[in-house]
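Listing of coords_39.txt; format and content: compact mmCIF, C-alpha atoms.
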# COMPACT_ATOMS: atom_id res chain seq x y z
CA MET A 289 28.87 -46.91 165.99
CA ASN A 290 30.17 -47.36 169.50
CA ALA A 291 27.52 -45.67 171.62
CA ALA A 292 30.22 -44.31 173.94
CA VAL A 293 31.92 -42.43 171.13
CA LYS A 294 29.62 -39.80 169.72
CA ASN A 295 30.07 -38.15 166.34
CA TYR A 296 29.69 -34.70 167.86
CA GLN A 297 30.57 -32.45 170.74
CA SER A 298 28.78 -29.24 171.79
CA THR A 299 29.42 -26.32 174.10
CA SER A 300 27.90 -22.93 174.87
CA ILE A 301 29.78 -19.66 175.00
CA GLY A 302 26.66 -17.76 176.11
CA ALA A 303 25.12 -14.56 174.83
CA LEU A 304 27.35 -12.91 172.24
CA ARG A 305 26.96 -9.42 173.79
CA ASP A 306 28.89 -10.67 176.85
CA ILE A 307 31.81 -12.22 174.96
CA LYS A 308 35.33 -10.87 174.95
CA ARG A 309 37.15 -13.75 173.24
CA GLU A 310 36.14 -17.41 173.11
CA THR A 311 38.22 -20.01 171.28
CA LEU A 312 36.56 -23.26 170.27
CA HIS A 313 39.49 -25.55 169.44
CA ASP A 314 39.90 -27.05 172.90
CA ALA A 315 36.24 -26.87 173.91
CA LEU A 316 35.17 -28.88 170.85
CA ALA A 317 38.36 -30.87 170.06
CA LEU A 318 38.50 -29.33 166.60
CA THR A 319 40.76 -30.94 164.00
CA GLY A 320 40.03 -28.97 160.80
CA ALA A 321 39.89 -25.31 161.84
CA GLU A 322 40.34 -23.12 164.88
CA ILE A 323 37.43 -20.76 165.41
CA SER A 324 37.18 -17.82 167.78
CA VAL A 325 34.30 -15.51 168.62
CA ASN A 326 35.50 -12.04 169.55
CA GLN A 327 34.16 -8.70 170.69
CA LEU A 328 36.14 -5.47 170.78
CA ALA A 329 34.81 -2.60 172.91
CA PRO A 330 34.21 0.77 171.18
CA GLY A 331 37.56 2.19 170.09
CA ALA A 332 39.48 -0.98 170.97
CA SER A 333 41.91 -2.62 168.56
CA SER A 334 43.74 -5.92 168.44
CA PRO A 335 47.02 -5.15 170.25
CA PHE A 336 49.39 -5.99 167.40
CA ILE A 337 49.80 -6.73 163.71
CA HIS A 338 50.16 -10.43 162.95
CA SER A 339 50.55 -12.85 160.08
CA HIS A 340 50.50 -16.65 159.93
CA LYS A 341 52.87 -19.41 158.91
CA ALA A 342 50.45 -21.88 157.34
CA ASN A 343 46.88 -20.81 158.08
CA GLU A 344 44.41 -18.84 156.01
CA GLU A 345 42.13 -16.71 158.18
CA VAL A 346 38.56 -15.63 157.52
CA TYR A 347 36.95 -12.84 159.54
CA ILE A 348 33.17 -12.49 159.55
CA VAL A 349 31.68 -9.41 161.20
CA ILE A 350 28.44 -10.35 162.95
CA GLY A 351 27.75 -7.08 164.76
CA GLY A 352 28.87 -3.47 164.95
CA SER A 353 31.45 -1.78 162.75
CA GLY A 354 35.11 -0.82 162.62
CA ALA A 355 38.16 -1.04 160.40
CA PHE A 356 40.53 -3.70 159.11
CA GLN A 357 44.03 -3.41 157.74
CA VAL A 358 46.17 -5.77 155.67
CA ASP A 359 49.73 -4.85 154.64
CA GLY A 360 49.07 -1.24 155.56
CA GLU A 361 45.88 -0.94 153.50
CA GLU A 362 42.92 0.01 155.67
CA PHE A 363 39.19 -0.31 154.97
CA ASP A 364 35.90 -0.04 156.83
CA ILE A 365 34.03 -3.12 158.00
CA ALA A 366 30.50 -3.65 159.30
CA GLU A 367 27.98 -6.40 159.97
CA GLY A 368 28.13 -8.78 157.02
CA THR A 369 31.70 -8.00 155.97
CA ALA A 370 33.75 -11.16 155.39
CA ILE A 371 37.49 -11.10 154.72
CA ARG A 372 39.94 -13.83 153.69
CA VAL A 373 43.57 -13.13 154.63
CA ASP A 374 46.42 -15.19 153.18
CA PRO A 375 49.03 -16.43 155.68
CA ALA A 376 51.51 -13.69 154.73
CA GLY A 377 49.07 -10.79 155.11
CA LYS A 378 49.99 -8.51 158.02
CA ARG A 379 46.62 -7.81 159.60
CA SER A 380 44.86 -6.04 162.43
CA ILE A 381 41.27 -5.13 163.34
CA LYS A 382 39.59 -2.44 165.42
CA ALA A 383 36.14 -1.39 166.57
CA ALA A 384 34.53 1.92 165.65
CA ALA A 385 34.89 4.70 168.20
CA ASP A 386 31.20 4.62 169.06
CA GLU A 387 30.20 0.95 168.95
CA SER A 388 31.62 -2.46 169.72
CA LEU A 389 32.62 -4.93 167.02
CA THR A 390 31.70 -8.61 167.16
CA TYR A 391 33.35 -11.04 164.75
CA ILE A 392 34.16 -14.66 164.16
CA CYS A 393 37.65 -15.65 163.04
CA VAL A 394 38.28 -18.99 161.35
CA GLN A 395 41.80 -20.25 160.71
CA ALA A 396 42.46 -23.35 158.61
CA GLY A 397 45.48 -24.64 156.75
CA CYS A 398 45.92 -22.75 153.49
CA GLY A 399 45.24 -25.08 150.57
CA THR A 400 43.85 -27.94 152.68
CA LEU A 401 40.23 -27.82 151.51
CA ALA A 402 40.00 -30.65 148.98
CA GLN A 403 36.23 -30.69 148.45
CA PHE A 404 33.15 -29.24 150.09
CA THR A 405 29.35 -29.16 150.26
CA ARG A 406 28.03 -30.93 147.14
CA THR A 407 31.12 -33.05 146.56
CA ASP A 408 31.86 -33.76 150.23
CA GLY A 409 28.31 -34.00 151.54
CA VAL A 410 26.24 -37.19 151.59
CA ILE A 411 22.46 -36.85 151.76
CA HIS A 412 20.61 -39.57 153.66
CA GLU A 413 17.15 -40.77 152.81
CA GLU A 414 16.12 -41.28 156.42
CA LYS A 415 13.04 -39.29 157.31
CA LEU A 416 13.67 -36.28 159.49
CA ALA A 417 12.18 -36.68 162.94
CA TRP A 418 11.96 -33.77 165.36
CA LYS A 419 10.50 -33.80 168.85
CA MET B 174 54.97 -8.46 147.44
CA ASN B 175 53.56 -7.87 143.97
CA ALA B 176 51.29 -4.88 144.45
CA ALA B 177 48.79 -6.37 142.02
CA VAL B 178 48.37 -9.50 144.14
CA LYS B 179 46.89 -8.62 147.49
CA ASN B 180 47.08 -10.85 150.52
CA TYR B 181 43.36 -10.53 151.15
CA GLN B 182 39.92 -10.41 149.60
CA SER B 183 36.74 -9.02 151.15
CA THR B 184 33.03 -9.09 150.44
CA SER B 185 29.80 -8.08 152.14
CA ILE B 186 26.78 -10.31 152.61
CA GLY B 187 24.76 -7.45 154.16
CA ALA B 188 22.70 -7.31 157.32
CA LEU B 189 22.40 -10.74 158.91
CA ARG B 190 18.64 -10.38 159.51
CA ASP B 191 18.10 -10.44 155.73
CA ILE B 192 20.19 -13.52 155.00
CA LYS B 193 18.85 -16.88 153.91
CA ARG B 194 22.06 -18.68 152.96
CA GLU B 195 25.35 -17.13 151.90
CA THR B 196 28.39 -19.24 151.07
CA LEU B 197 31.80 -17.63 151.16
CA HIS B 198 34.03 -20.11 149.29
CA ASP B 199 33.63 -18.60 145.84
CA ALA B 200 33.20 -14.98 146.96
CA LEU B 201 36.49 -15.08 148.86
CA ALA B 202 38.41 -17.82 147.00
CA LEU B 203 38.76 -19.81 150.21
CA THR B 204 41.30 -22.66 150.30
CA GLY B 205 41.18 -23.84 153.93
CA ALA B 206 37.53 -23.96 154.89
CA GLU B 207 34.10 -23.40 153.39
CA ILE B 208 31.97 -21.10 155.49
CA SER B 209 28.26 -20.36 155.17
CA VAL B 210 26.01 -17.93 157.01
CA ASN B 211 22.47 -19.23 157.30
CA GLN B 212 19.09 -18.19 158.62
CA LEU B 213 16.10 -20.50 159.05
CA ALA B 214 12.64 -18.95 159.42
CA PRO B 215 10.61 -19.86 162.53
CA GLY B 216 9.70 -23.54 162.35
CA ALA B 217 11.91 -24.21 159.32
CA SER B 218 14.39 -27.09 159.19
CA SER B 219 17.20 -28.10 156.87
CA PRO B 220 15.44 -30.28 154.27
CA PHE B 221 17.43 -33.48 154.86
CA ILE B 222 19.85 -35.35 157.06
CA HIS B 223 23.41 -35.29 155.78
CA SER B 224 26.91 -36.45 156.64
CA HIS B 225 30.28 -35.74 155.05
CA LYS B 226 33.04 -37.73 153.40
CA ALA B 227 36.11 -35.84 154.63
CA ASN B 228 35.02 -32.61 156.29
CA GLU B 229 34.47 -31.80 159.95
CA GLU B 230 31.69 -29.25 160.41
CA VAL B 231 31.29 -26.66 163.14
CA TYR B 232 27.98 -24.88 163.69
CA ILE B 233 27.90 -21.64 165.69
CA VAL B 234 24.51 -20.20 166.59
CA ILE B 235 24.67 -16.40 166.44
CA GLY B 236 20.98 -15.63 166.91
CA GLY B 237 17.66 -17.22 167.85
CA SER B 238 17.13 -20.78 168.99
CA GLY B 239 16.14 -24.21 167.74
CA ALA B 240 17.23 -27.84 167.81
CA PHE B 241 20.03 -29.96 166.39
CA GLN B 242 20.24 -33.68 165.84
CA VAL B 243 23.18 -36.02 165.26
CA ASP B 244 22.66 -39.76 164.70
CA GLY B 245 19.10 -39.48 166.00
CA GLU B 246 20.05 -37.69 169.20
CA GLU B 247 18.34 -34.31 169.48
CA PHE B 248 19.19 -31.34 171.68
CA ASP B 249 18.24 -27.70 172.03
CA ILE B 250 20.47 -24.94 170.66
CA ALA B 251 20.50 -21.15 171.18
CA GLU B 252 22.71 -18.12 170.65
CA GLY B 253 26.21 -19.12 171.73
CA THR B 254 25.84 -22.86 171.11
CA ALA B 255 28.76 -24.31 169.11
CA ILE B 256 28.79 -27.88 167.81
CA ARG B 257 31.53 -29.94 166.14
CA VAL B 258 30.24 -32.81 163.98
CA ASP B 259 32.57 -35.54 162.72
CA PRO B 260 32.26 -36.42 159.03
CA ALA B 261 30.20 -39.56 159.76
CA GLY B 262 27.64 -37.85 161.99
CA LYS B 263 24.18 -37.76 160.41
CA ARG B 264 23.01 -34.23 161.20
CA SER B 265 20.17 -31.78 160.76
CA ILE B 266 19.18 -28.41 162.24
CA LYS B 267 15.91 -26.53 162.74
CA ALA B 268 14.64 -23.22 164.04
CA ALA B 269 12.30 -22.88 167.02
CA ALA B 270 8.60 -22.57 166.20
CA ASP B 271 8.50 -18.95 167.35
CA GLU B 272 11.80 -17.42 166.23
CA SER B 273 14.29 -17.64 163.42
CA LEU B 274 17.71 -19.26 163.83
CA THR B 275 20.89 -17.68 162.50
CA TYR B 276 24.08 -19.73 162.39
CA ILE B 277 27.47 -19.99 160.79
CA CYS B 278 28.66 -23.35 159.46
CA VAL B 279 32.37 -24.02 158.89
CA GLN B 280 33.56 -27.13 157.07
CA ALA B 281 37.24 -28.03 156.92
CA GLY B 282 39.10 -31.26 156.24
CA CYS B 283 39.01 -33.51 159.32
CA GLY B 284 42.52 -33.76 160.77
CA THR B 285 44.05 -31.06 158.57
CA LEU B 286 44.72 -28.45 161.28
CA ALA B 287 48.45 -28.84 161.99
CA GLN B 288 48.99 -25.80 164.21
CA PHE B 289 47.09 -22.66 165.16
CA THR B 290 47.18 -19.29 166.93
CA ARG B 291 50.33 -19.21 169.09
CA THR B 292 52.26 -21.75 167.05
CA ASP B 293 51.05 -20.59 163.64
CA GLY B 294 50.83 -16.86 164.30
CA VAL B 295 53.71 -14.42 163.84
CA ILE B 296 53.55 -11.12 165.72
CA HIS B 297 55.08 -8.13 163.98
CA GLU B 298 56.76 -5.26 165.79
CA GLU B 299 55.52 -2.63 163.36
CA LYS B 300 53.55 0.06 165.11
CA LEU B 301 49.80 -0.09 164.51
CA ALA B 302 48.55 2.84 162.49
CA TRP B 303 44.85 3.58 162.09
CA LYS B 304 43.24 6.45 160.21
Now that the file is in, can you turn its structure into structure tokens?
Amino acid sequence: MNAAVKNYQSTSIGALRDIKRETLHDALALTGAEISVNQLAPGASSPFIHSHKANEEVYIVIGGSGAFQVDGEEFDIAEGTAIRVDPAGKRSIKAAADESLTYICVQAGCGTLAQFTRTDGVIHEEKLAWK
Amino acid sequence: MNAAVKNYQSTSIGALRDIKRETLHDALALTGAEISVNQLAPGASSPFIHSHKANEEVYIVIGGSGAFQVDGEEFDIAEGTAIRVDPAGKRSIKAAADESLTYICVQAGCGTLAQFTRTDGVIHEEKLAWK
């Protein structure tokens, strides 16, 4: 390994309660997925309905509650709700009237995941050392 | 659209404080990325060092604090820290001695993201309707 070229990059977006929208693609030079961390104020909604050309999106609610809609079908969401939306799904998200909604959105090319975890991971025998 | 085939799928993993490790690939039939939500108890560490064959990983700390290491280099992490690790990076993660660490890990094929957000998104003119 060239010591000047590290196998990682890190950043900090700060405390999640202070976030409005943070996108990680440029900050981390991502090449497999774009990831955003988002917070909607009570009663706020994403400003439009959107779909995608090639990317599958996954929304993971990490705080608060609200509602989600895909193709006109609406359902409640809360901490722990995770939703996959196909590229064609016409989607939007909003926070509950009385509390903010914090969520992570991951977009990655639909059908690009060839293998993962046990088949893609390689476990190393080196002993773990922590400071 | 065939009404029987919806453009989305949703699940709930419950309150994040109760989570140990939840993987979303099978629950949501993901095809672009594998996503896991993880919590390490105070002082706990992932049990080994691992790398990947094809997937880039992104770790996003959503609660607590701890440490991360890549190729023997160790650094502190806390809520809001986001880290990209190239497939070859030998990585591990641990929680601080005095608090648990909650994080989301996204793995997606390195180099597969062709376009995103403004170039991949399509905004629809339909008026937003919420219950």
Residue nearest chain B - candidates A:His338, A:Lys419, A:Arg379, A:Arg406, atoms counted: all atoms listed in the file: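 Closest residue, counting all atoms listed in the file: A:His338.
Distance check against Ala214 of chain B using all atoms listed in the file: of B:Phe241, B:Tyr276, B:Trp303, B:Phe289, the minimum falls on B:Tyr276.
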Residue among A:Asp386, A:Glu414, A:Asp374, A:Asp364 lying closest to Thr184 of chain B, counting only C-alpha atoms: A:Asp364
d(atom CA of Glu298 of chain B, atom CA of Gln357 of chain A) in Å: 15.2 Å
Minimum-distance residue to Ser209 of chain B, chosen among B:Thr292, B:Thr275, B:Ser265, B:Thr285 (using all atoms listed in the file):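 Checking each candidate against Ser209 of chain B, we get B:Thr275 as the closest.
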Spatial neighbours of Gly377 of chain A, 8 Å, all atoms listed in the file, chain gap at least 2 places, as a list of chain:residue names: A:His338, A:Ser339, A:His340, A:Val358, A:Asp359, A:Val373, A:Asp374, A:Pro375, A:Arg379, B:Asn180, B:Tyr181
Go ahead and dump the residues you just picked, C-alpha atoms, as a PDB file, keeping the file's coordinate frame.
ATOM      1  CA  HIS A 338      50.160 -10.430 162.950  1.00  0.00           C
ATOM      2  CA  SER A 339      50.550 -12.850 160.080  1.00  0.00           C
ATOM      3  CA  HIS A 340      50.500 -16.650 159.930  1.00  0.00           C
ATOM      4  CA  VAL A 358      46.170  -5.770 155.670  1.00  0.00           C
ATOM      5  CA  ASP A 359      49.730  -4.850 154.640  1.00  0.00           C
ATOM      6  CA  VAL A 373      43.570 -13.130 154.630  1.00  0.00           C
ATOM      7  CA  ASP A 374      46.420 -15.190 153.180  1.00  0.00           C
ATOM      8  CA  PRO A 375      49.030 -16.430 155.680  1.00  0.00           C
ATOM      9  CA  ARG A 379      46.620  -7.810 159.600  1.00  0.00           C
TER      10      ARG A 379
ATOM     11  CA  ASN B 180      47.080 -10.850 150.520  1.00  0.00           C
ATOM     12  CA  TYR B 181      43.360 -10.530 151.150  1.00  0.00           C
TER      13      TYR B 181
END
Non-local contacts of Ser353 of chain A (8 Å; all atoms listed in the file; under 3 positions in same chain excluded) as a ChimeraX atom specification: /A:349,364-367,383-384,387-389
Within 6 Å of chain B, which residues of chain A come that close, and what is the closest atom pair and distance in Å for each? Count all atoms listed in the file and give it as CSV.
residue,atom,partner,partner_atom,distance
A:Asn295,CA,B:Gly262,CA,5.0
A:Tyr296,CA,B:Val258,CA,4.4
A:Gln297,CA,B:Arg257,CA,5.3
A:Ser298,CA,B:Ile256,CA,4.2
A:Thr299,CA,B:Ala255,CA,5.4
A:Ser300,CA,B:Thr254,CA,4.3
A:Ile301,CA,B:Gly253,CA,4.9
A:Gly302,CA,B:Gly253,CA,4.6
A:Ala303,CA,B:Gly253,CA,5.6
A:Thr319,CA,B:Gly284,CA,4.6
A:Gly320,CA,B:Leu286,CA,4.7
A:Ala321,CA,B:Leu286,CA,5.8
A:Ile337,CA,B:His297,CA,5.5
A:His338,CA,B:Ile296,CA,4.4
A:Ser339,CA,B:Val295,CA,5.2
A:His340,CA,B:Gly294,CA,4.4
A:Lys341,CA,B:Asp293,CA,5.2
A:Glu367,CA,B:Ala188,CA,6.0
A:Gly368,CA,B:Gly187,CA,4.6
A:Thr369,CA,B:Ser185,CA,4.3
A:Ala370,CA,B:Thr184,CA,5.4
A:Ile371,CA,B:Ser183,CA,4.2
A:Arg372,CA,B:Gln182,CA,5.3
A:Val373,CA,B:Tyr181,CA,4.3
A:Asp374,CA,B:Asn180,CA,5.1
A:Gly377,CA,B:Asn180,CA,5.0
A:Ala396,CA,B:Gly205,CA,4.9
A:Gly397,CA,B:Gly205,CA,5.2
A:Cys398,CA,B:Gly205,CA,4.9
A:Gly399,CA,B:Thr204,CA,4.6
A:Thr400,CA,B:Gly205,CA,5.0
A:Leu401,CA,B:Gly205,CA,4.8
A:Asp408,CA,B:Lys226,CA,5.2
A:Gly409,CA,B:His225,CA,4.4
A:Val410,CA,B:Ser224,CA,5.1
A:Ile411,CA,B:His223,CA,4.4
A:His412,CA,B:Ile222,CA,5.5
Atom CA of Asn326 of chain A to atom CA of Pro215 of chain B, distance in Å rounded to a single decimal: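 Taking atom CA of Asn326 of chain A as the start and atom CA of Pro215 of chain B as the end point, the length is 27.0 Å.
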Between atom CA of Gln212 of chain B and atom CA of Lys193 of chain B - distance in Å to one decimal: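 Atom-to-atom, atom CA of Lys193 of chain B and atom CA of Gln212 of chain B are spaced 4.9 Å apart.
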